[in-house]
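Novice: Structure in structure tokens, see below.
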Amino acid sequence: MADRRFLIVDDDTTFCEILGRALARRGHDVKMAHNAEQALKCVVKFRPTHVVVDLKLGDDSGLRLIRPLLDVNKEIKVVVLTGYGSISTAVQAIKEGAVNYLAKPTDVDGILSAFDNTEIVPLMQTETPGMSLKRMEWEHIQRILDEHDGNISATARSLGMHRRTLQRKLQKRPVKQ
């Protein structure tokens with residue numbers, strides 16, 4: 001366990017410090033980066049074994065950082081954290097090479113177990129209630145936004161809605177169910 005080196009990539013400095021202290025108390029080496037450029041420099045120098053990446057890094061996406069991190073070291077395990085989870089971003093994170101995807105808020109134990117528990121559970125075995133109409137709309141918007149690489153105008157055109165309406169919808173938090 002002492003050979004685990006963690007890189008935390010999040011633009012929220014307070015969150016980074018709290019998570020970093022909690023991981024350090026458990027005996028791990030920890031470094032922090034607050035944007036993609038810092039993260040890539042740190043991964044070369046520090047050689048982390050585990051990386052925690054926030055989905056939204058200011059104006060950038062943490063999803064775009066996964067592949068470059070893995071290009072530096074194929075053995076790195078990446079977990080994506082987000083406060084705005086959607087099925088499409090979870091699927092995209094796994095496709096890019098992340099071992100897990102967690103919604104905030106989560107604790108250190110949840111993050112640590114996400115690195116170890118990479119077993120994929122078939123959807124047929126889970127019993128979840130159907131999504132509400134508002135949640136389905138949120139998921140659809142996120143999927144179309146992802147298809148247009150985060151371009152709000154192109155997404156609004158594709159959805160047949162005004163750009164400002166789409167921006168208002170994106171500013172709201174996703175509905176639970």
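Chain identifiers are assigned as A, B, and so on, following the order in which chains appear in the structure tokens; residues are numbered from 1 within each chain, and ligands are numbered from 1 in order of appearance.
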Env of range 38-41 of chain A: 8 Å cut, atoms = only C-alpha atoms, seq-sep filter 3 positions within chain, self excluded. Answer as a PyMOL selection string.
Specialist: chain A and resi 7+9+32-35+44-45+68-69
Novice: Where does DSSP see strand (DSSP E) in range 63-150 of chain A, if you list the residues as a count of residues only?
Specialist: 10
Novice: Using only C-alpha atoms, can you tell me which of A:Thr165, A:Ser153, A:Thr82, A:Asn73 comes closest to Val52 in chain A?
Specialist: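 For Val52 in chain A, the nearest of the given residues is A:Thr82.
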Novice: Counting only C-alpha atoms, which residue out of A:Leu23, A:Val78, A:Ala90, A:Ile152 sits closest to Glu139 in chain A?
Specialist: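 Nearest candidate to Glu139 in chain A out of A:Leu23, A:Val78, A:Ala90, A:Ile152: A:Ala90.
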Novice: Hey, what's within 10 Å of Arg5 in chain A if we count only C-alpha atoms and toss same-chain stuff fewer than 2 positions away? As a short mmCIF file (atom, residue, chain, number, x, y, z; two decimals) with C-alpha atoms, in the first residue's frame, please?
Specialist:
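Heads up, here's the output in around22.cif:
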```cif
data_model
loop_
_atom_site.label_atom_id
_atom_site.label_comp_id
_atom_site.auth_asym_id
_atom_site.auth_seq_id
_atom_site.Cartn_x
_atom_site.Cartn_y
_atom_site.Cartn_z
CA MET A 1 0.00 0.00 0.00
CA ALA A 2 2.91 2.38 0.61
CA ASP A 3 3.89 2.09 -3.05
CA LEU A 7 -2.25 12.42 -8.34
CA LEU A 23 -4.84 9.96 1.42
CA ALA A 24 -1.56 11.02 3.06
CA GLY A 27 0.22 6.37 4.05
CA HIS A 28 0.05 7.30 0.36
CA ASP A 29 2.28 9.74 -1.52
CA VAL A 30 0.10 12.52 -2.95
CA LYS A 31 0.56 15.33 -5.48
CA PHE A 46 5.96 12.08 -10.02
CA ARG A 47 5.02 8.83 -11.84
CA PRO A 48 1.71 8.24 -9.99
CA THR A 49 0.13 4.82 -9.85
CA HIS A 50 -3.38 6.20 -9.28
CA VAL A 51 -5.03 9.36 -10.61
CA ILE A 76 -1.91 4.18 -14.22
#
```
